[in-house]
Protein chains: 2
Amino acid sequence: MQPTRDRIVGASAELLRRQGYAATGVKQIVAAAQAPFGSVYHFFPGGKEQLAAEAIRVSGAAYGLLLPAIFDPAPDVVTATGAFFAGAAEHLRETDYADACPIATVALEVSSTHPPLREACAEVFSGWIAGGTERFAAAGLPEATARELAIAMIAALEGAFVLARALRSTEPLDVAGELIAARVQAALERSAPAD
Amino acid sequence: MQPTRDRIVGASAELLRRQGYAATGVKQIVAAAQAPFGSVYHFFPGGKEQLAAEAIRVSGAAYGLLLPAIFDPAPDVVTATGAFFAGAAEHLRETDYADACPIATVALEVSSTHPPLREACAEVFSGWIAGGTERFAAAGLPEATARELAIAMIAALEGAFVLARALRSTEPLDVAGELIAARVQAALERSAPAD
DNA sequence: CGCCTCCTAGATAGATCGCTCTAGTCGCAC
DNA sequence: GTGCGACTAGAGCGATCTATCTAGGAGGCG
């Protein structure tokens with residue numbers, strides 16, 4: 001079994017992803033993690049907030065690894081972009097529309113009320129944007145265009161997740177994925193017309 | 001002063017938008033609405049959940065009115081699309097990144113835990129999609145294309161809100177707005193090449 | 001062996017949660 | 001005036017929340 005601390009962080013990340021910060025109790029976390037209650041405050045003297053901040057950073061970093069995992073082995077960035085959305089749609093369907101973005105729920109919930117958690121979310125998003133920018137730039141796009149596409153891709157994914165979970169349909173993910181992939185293609189053609 | 005019932009719904013909508021469902025207490029709602037506690041359970045025998053469902057529907061419908069308000073007087077749909085995102089960005093800045101989508105926070109929070117609230121959110125989103133489809137179709141686009149653009153527009157807006165609130169920047173809204181407007185333009189050119 | 005540190009274990013405090021309940025006020029119909 | 005329904009008003013219930021507290025077990029080191 002994983003060490004207690006890791007189990008606590010892992011269980012927190014999963015619960016935060018599904019139900020958000022306020023609705024997730026410390027008791028619920030320790031029950032899911034099969035950990036003693038006191039251990040939470042031993043490892044995280046800052047309490048629930050510190051634990052949530054770490055869970056956000058850890059699960060955000062883990063989710064960010066999907067970028068290289070999907071983009072690097074793909075034949076081209078357009079295919080990779082499409083696969084990115086398709087994979088998200090599949091995972092969402094498999095988990096009965098529960099597992100979308102690991103941090104978006106918390107991000108919206110706490111942005112105006114818990115500055116440390118907002119900052120943790122901001123760091124994660126910035127990391128994703130940097131990762132996406134890197135991939136698009138590696139495909140030959142100018143830095144500024146690459147960054148815009150990365151932001152647009154992540155925004156489209158997040159928004160499609162919102163619609164998909166509420167509507168219980170992957171249509172938004174399909175539509176958004178196609179649109180972003182088309183945009184990436186168009187940008188590539190524009191930046192290197194004589195391919 | 002507005003009737004008590006309306007003040008309760010209004011205060012609920014505002015608090016739900018900013019902090020979500022779980023973090024918003026009934027006591028906090030009546031304090032903000034300057035209403036007696038008992039009135040909540042007089043008007044909403046279903047309790048907090050029923051109240052939240054109505055607040056979602058009301059504020060969702062109100063937000064949906066932005067679509068005709070912006071699209072109908074605009075010279076063309078491309079300009080309107082841009083203005084839609086620009087207006088959202090301005091409002092977000094004005095409220096110190098507190099007021100974004102009135103229902104997205106709740107939508108993510110409750111989609112897997114409170115079916116009646118998920119359904120209320122789904123109805124609102126469906127209404128917005130229908131409204132957007134109508135506008136794009138009126139501009140001459142085929143029904144299917146219009147619907148895809150409407151979904152993409154709303155998804156991009158929602159996702160940009162998530163990023164913007166966390167990052168405390170309107171850059172995602174600017175980028176997403178430009179991308180969607182360009183996509184609308186491209187669709188128009190494709191469907192009526194000999195303008 | 002004794003000692004120290006790290007971690008487990010959970011009882012418990014104090015505040016807050018959603019909600020119920022009773023009592024009272026107000027305006028309108030007759 | 002009298003009666004009635006609609007609404008106001010908030011005390012208080014049981015449950016649950018986060019966080020603290022004390023006590024003990026496990027293992028390394030002298």
# chains A, B, ... in the order shown; residues from 1 in each chain; ligands from 1
$ residues_around --residues "A:Pro116" --least-positions-apart "4" --cutoff "10 Å" --atoms "only C-alpha atoms (C1' of nucleotides)" --output "PyMOL selection string"
chain A and resi 49-50+52-53+110-111+120-122
$ residues_around --residues "B:Phe136" --least-positions-apart "4" --cutoff "9 Å" --atoms "only C-alpha atoms (C1' of nucleotides)" --output "VMD selection string"
chain B and resid 77 131 to 132 140 to 143 145 to 147 149 to 150 184
$ residues_around --residues "stretch 5-14 of chain D" --least-positions-apart "4" --cutoff "12 Å" --atoms "only C-alpha atoms (C1' of nucleotides)" --output "list in words"
Pro3, Thr4, Arg5, Lys27, Gln34, Ala35, Pro36, Phe37, Gly38, Ser39, Val40, Tyr41, His42 and Phe43 of chain B; DC17, DG18, DC19, DT20, DC21, DT22, DA23, DG24, DT25, DC26, DG27, DC28 and DA29 of chain C
$ residues_around --residues "B:Gln185" --least-positions-apart "4" --cutoff "9 Å" --atoms "only C-alpha atoms (C1' of nucleotides)" --output "list in words"
Val77, Val78, Ile180, Ala181, Glu189 and Arg190 of chain B
$ select_by_dssp --residues "stretch 20-99 of chain B" --states "helix (DSSP H, G or I)" --output "MDAnalysis selection string"
chainID B and resid 26:33 37:43 47:64 66:71 77:94
$ write_last_selection --atoms "C-alpha atoms" --output "PDB file, in the first residue's frame"
ATOM      1  CA  VAL B  26     -28.950  29.351   3.812  1.00  0.00           C
ATOM      2  CA  LYS B  27     -28.141  31.739   6.656  1.00  0.00           C
ATOM      3  CA  GLN B  28     -25.786  33.623   4.365  1.00  0.00           C
ATOM      4  CA  ILE B  29     -28.468  33.851   1.718  1.00  0.00           C
ATOM      5  CA  VAL B  30     -31.095  35.347   4.029  1.00  0.00           C
ATOM      6  CA  ALA B  31     -28.539  37.784   5.404  1.00  0.00           C
ATOM      7  CA  ALA B  32     -27.650  38.965   1.901  1.00  0.00           C
ATOM      8  CA  ALA B  33     -31.302  39.127   0.893  1.00  0.00           C
ATOM      9  CA  PHE B  37     -34.953  32.829   7.657  1.00  0.00           C
ATOM     10  CA  GLY B  38     -38.364  31.208   7.795  1.00  0.00           C
ATOM     11  CA  SER B  39     -39.380  32.707   4.481  1.00  0.00           C
ATOM     12  CA  VAL B  40     -36.929  30.503   2.661  1.00  0.00           C
ATOM     13  CA  TYR B  41     -38.753  27.385   3.745  1.00  0.00           C
ATOM     14  CA  HIS B  42     -42.107  29.021   3.217  1.00  0.00           C
ATOM     15  CA  PHE B  43     -41.379  29.800  -0.430  1.00  0.00           C
ATOM     16  CA  GLY B  47     -35.157  23.610   0.940  1.00  0.00           C
ATOM     17  CA  LYS B  48     -31.777  24.698  -0.272  1.00  0.00           C
ATOM     18  CA  GLU B  49     -31.822  22.429  -3.293  1.00  0.00           C
ATOM     19  CA  GLN B  50     -35.120  23.740  -4.641  1.00  0.00           C
ATOM     20  CA  LEU B  51     -34.001  27.297  -4.053  1.00  0.00           C
ATOM     21  CA  ALA B  52     -30.733  26.699  -5.862  1.00  0.00           C
ATOM     22  CA  ALA B  53     -32.532  25.082  -8.797  1.00  0.00           C
ATOM     23  CA  GLU B  54     -34.746  28.112  -9.196  1.00  0.00           C
ATOM     24  CA  ALA B  55     -31.830  30.514  -8.835  1.00  0.00           C
ATOM     25  CA  ILE B  56     -29.974  28.619 -11.557  1.00  0.00           C
ATOM     26  CA  ARG B  57     -32.913  28.748 -13.932  1.00  0.00           C
ATOM     27  CA  VAL B  58     -33.607  32.425 -13.295  1.00  0.00           C
ATOM     28  CA  SER B  59     -30.054  33.660 -13.573  1.00  0.00           C
ATOM     29  CA  GLY B  60     -29.419  31.327 -16.488  1.00  0.00           C
ATOM     30  CA  ALA B  61     -32.362  32.753 -18.364  1.00  0.00           C
ATOM     31  CA  ALA B  62     -31.241  36.289 -17.554  1.00  0.00           C
ATOM     32  CA  TYR B  63     -27.752  35.597 -18.829  1.00  0.00           C
ATOM     33  CA  GLY B  64     -29.209  34.021 -21.954  1.00  0.00           C
ATOM     34  CA  LEU B  66     -27.382  38.670 -23.487  1.00  0.00           C
ATOM     35  CA  LEU B  67     -27.413  36.706 -26.737  1.00  0.00           C
ATOM     36  CA  PRO B  68     -30.237  38.665 -28.433  1.00  0.00           C
ATOM     37  CA  ALA B  69     -29.121  41.834 -26.654  1.00  0.00           C
ATOM     38  CA  ILE B  70     -25.705  41.650 -28.279  1.00  0.00           C
ATOM     39  CA  PHE B  71     -26.340  39.778 -31.520  1.00  0.00           C
ATOM     40  CA  VAL B  77     -22.460  37.909 -36.404  1.00  0.00           C
ATOM     41  CA  VAL B  78     -18.681  38.087 -36.455  1.00  0.00           C
ATOM     42  CA  THR B  79     -18.677  41.481 -34.762  1.00  0.00           C
ATOM     43  CA  ALA B  80     -21.322  40.254 -32.339  1.00  0.00           C
ATOM     44  CA  THR B  81     -19.287  37.203 -31.412  1.00  0.00           C
ATOM     45  CA  GLY B  82     -16.289  39.364 -30.657  1.00  0.00           C
ATOM     46  CA  ALA B  83     -18.407  41.771 -28.649  1.00  0.00           C
ATOM     47  CA  PHE B  84     -19.855  38.901 -26.666  1.00  0.00           C
ATOM     48  CA  PHE B  85     -16.436  37.882 -25.378  1.00  0.00           C
ATOM     49  CA  ALA B  86     -15.240  41.457 -24.967  1.00  0.00           C
ATOM     50  CA  GLY B  87     -18.260  42.273 -22.836  1.00  0.00           C
ATOM     51  CA  ALA B  88     -17.680  39.228 -20.671  1.00  0.00           C
ATOM     52  CA  ALA B  89     -14.050  40.231 -20.193  1.00  0.00           C
ATOM     53  CA  GLU B  90     -14.998  43.750 -19.219  1.00  0.00           C
ATOM     54  CA  HIS B  91     -17.588  42.618 -16.707  1.00  0.00           C
ATOM     55  CA  LEU B  92     -15.110  40.186 -15.210  1.00  0.00           C
ATOM     56  CA  ARG B  93     -12.510  42.883 -14.766  1.00  0.00           C
ATOM     57  CA  GLU B  94     -15.047  45.268 -13.279  1.00  0.00           C
TER      58      GLU B  94
END
$ interface_residues --of "chain C" --to "chain A" --cutoff "10 Å" --atoms "only C-alpha atoms (C1' of nucleotides)" --output "ChimeraX atom specification"
/C:6-10
$ interface_residues --of "chain A" --to "chain B" --cutoff "6 Å" --atoms "only C-alpha atoms" --output "mmCIF file with N, CA and C atoms, in the first residue's frame"
data_model
loop_
_atom_site.group_PDB
_atom_site.id
_atom_site.type_symbol
_atom_site.label_atom_id
_atom_site.label_comp_id
_atom_site.auth_asym_id
_atom_site.auth_seq_id
_atom_site.Cartn_x
_atom_site.Cartn_y
_atom_site.Cartn_z
ATOM 1 N N GLN A 19 -16.370 16.668 -6.593
ATOM 2 C CA GLN A 19 -17.381 17.449 -5.872
ATOM 3 C C GLN A 19 -16.918 18.810 -5.403
ATOM 4 N N GLY A 20 -15.664 19.134 -5.639
ATOM 5 C CA GLY A 20 -15.217 20.451 -5.249
ATOM 6 C C GLY A 20 -14.708 20.539 -3.816
ATOM 7 N N ALA A 22 -15.630 22.784 -1.043
ATOM 8 C CA ALA A 22 -16.511 22.968 0.107
ATOM 9 C C ALA A 22 -17.285 21.703 0.440
ATOM 10 N N ALA A 23 -17.625 20.951 -0.573
ATOM 11 C CA ALA A 23 -18.457 19.764 -0.345
ATOM 12 C C ALA A 23 -17.636 18.569 0.124
ATOM 13 N N ALA A 98 -18.037 11.738 -14.417
ATOM 14 C CA ALA A 98 -17.557 12.224 -13.119
ATOM 15 C C ALA A 98 -16.164 12.840 -13.237
ATOM 16 N N THR A 105 -13.250 22.461 -11.070
ATOM 17 C CA THR A 105 -14.310 22.672 -10.094
ATOM 18 C C THR A 105 -13.801 23.529 -8.935
ATOM 19 N N LEU A 108 -13.035 27.295 -9.940
ATOM 20 C CA LEU A 108 -14.178 28.207 -9.979
ATOM 21 C C LEU A 108 -14.683 28.512 -8.578
ATOM 22 N N GLU A 109 -14.671 27.476 -7.746
ATOM 23 C CA GLU A 109 -15.248 27.604 -6.416
ATOM 24 C C GLU A 109 -14.480 28.579 -5.542
ATOM 25 N N SER A 111 -11.837 30.755 -6.443
ATOM 26 C CA SER A 111 -11.083 31.857 -7.041
ATOM 27 C C SER A 111 -11.323 33.184 -6.328
ATOM 28 N N SER A 112 -12.514 33.358 -5.797
ATOM 29 C CA SER A 112 -12.820 34.643 -5.169
ATOM 30 C C SER A 112 -12.805 34.563 -3.652
ATOM 31 N N ARG A 118 -6.542 29.544 -5.135
ATOM 32 C CA ARG A 118 -6.593 30.142 -6.474
ATOM 33 C C ARG A 118 -5.197 30.140 -7.085
ATOM 34 N N ALA A 122 -3.819 28.539 -10.472
ATOM 35 C CA ALA A 122 -3.184 29.373 -11.487
ATOM 36 C C ALA A 122 -1.846 28.779 -11.905
ATOM 37 N N ALA A 152 -6.204 28.627 -26.062
ATOM 38 C CA ALA A 152 -7.506 28.313 -26.650
ATOM 39 C C ALA A 152 -7.833 26.842 -26.484
ATOM 40 N N ALA A 155 -8.744 26.249 -22.815
ATOM 41 C CA ALA A 155 -10.042 26.878 -22.528
ATOM 42 C C ALA A 155 -11.169 26.071 -23.161
ATOM 43 N N ALA A 156 -10.973 25.661 -24.400
ATOM 44 C CA ALA A 156 -12.022 24.878 -25.072
ATOM 45 C C ALA A 156 -12.264 23.565 -24.352
ATOM 46 N N GLU A 158 -11.718 22.911 -21.126
ATOM 47 C CA GLU A 158 -12.382 23.164 -19.841
ATOM 48 C C GLU A 158 -13.862 23.480 -20.039
ATOM 49 N N GLY A 159 -14.132 24.326 -20.997
ATOM 50 C CA GLY A 159 -15.529 24.683 -21.238
ATOM 51 C C GLY A 159 -16.344 23.506 -21.734
ATOM 52 N N ALA A 160 -15.736 22.707 -22.584
ATOM 53 C CA ALA A 160 -16.441 21.521 -23.076
ATOM 54 C C ALA A 160 -16.729 20.565 -21.919
ATOM 55 N N ALA A 166 -22.673 18.635 -17.436
ATOM 56 C CA ALA A 166 -24.052 19.044 -17.154
ATOM 57 C C ALA A 166 -25.029 18.365 -18.109
ATOM 58 N N LEU A 167 -24.664 18.296 -19.376
ATOM 59 C CA LEU A 167 -25.575 17.734 -20.381
ATOM 60 C C LEU A 167 -25.467 16.215 -20.473
ATOM 61 N N ALA A 176 -15.594 20.848 -29.829
ATOM 62 C CA ALA A 176 -14.462 21.702 -29.456
ATOM 63 C C ALA A 176 -13.158 21.116 -29.993
#
$ closest_atom_pairs --of "chain D" --to "chain A" --cutoff "8 Å" --atoms "only C-alpha atoms (C1' of nucleotides)" --output "tab-separated table"
residue	atom	partner	partner_atom	distance
D:DC17	C1'	A:Gly25	CA	7.5
D:DT18	C1'	A:Val26	CA	7.7
D:DA19	C1'	A:Gly47	CA	7.7
$ write_last_selection --atoms "N, CA and C atoms (P, O5', C5', C4', C3', O3' and C1' of nucleotides)" --output "mmCIF file, in the first residue's frame"
data_model
loop_
_atom_site.group_PDB
_atom_site.id
_atom_site.type_symbol
_atom_site.label_atom_id
_atom_site.label_comp_id
_atom_site.auth_asym_id
_atom_site.auth_seq_id
_atom_site.Cartn_x
_atom_site.Cartn_y
_atom_site.Cartn_z
ATOM 1 P P DC D 17 -19.444 16.201 7.517
ATOM 2 O "O5'" DC D 17 -18.592 17.549 7.662
ATOM 3 C "C5'" DC D 17 -19.188 18.780 7.290
ATOM 4 C "C4'" DC D 17 -18.433 19.938 7.920
ATOM 5 C "C3'" DC D 17 -16.949 19.671 8.129
ATOM 6 O "O3'" DC D 17 -16.227 20.118 7.000
ATOM 7 C "C1'" DC D 17 -17.926 20.636 10.097
ATOM 8 P P DT D 18 -14.724 19.580 6.858
ATOM 9 O "O5'" DT D 18 -13.890 20.515 7.829
ATOM 10 C "C5'" DT D 18 -13.843 21.916 7.622
ATOM 11 C "C4'" DT D 18 -13.131 22.596 8.775
ATOM 12 C "C3'" DT D 18 -11.638 22.270 8.887
ATOM 13 O "O3'" DT D 18 -10.937 23.479 9.148
ATOM 14 C "C1'" DT D 18 -12.738 21.740 10.932
ATOM 15 P P DA D 19 -9.322 23.472 9.123
ATOM 16 O "O5'" DA D 19 -8.961 23.233 10.652
ATOM 17 C "C5'" DA D 19 -9.484 24.119 11.639
ATOM 18 C "C4'" DA D 19 -9.204 23.575 13.014
ATOM 19 C "C3'" DA D 19 -7.761 23.110 13.253
ATOM 20 O "O3'" DA D 19 -7.208 23.880 14.300
ATOM 21 C "C1'" DA D 19 -9.328 21.536 14.102
#
$ atom_distance --atom1 "atom CA of B:Ala13" --atom2 "atom CA of B:Thr95"
15.4 Å
$ atom_distance --atom1 "atom CA of B:Ile129" --atom2 "atom CA of A:Ser169"
13.6 Å
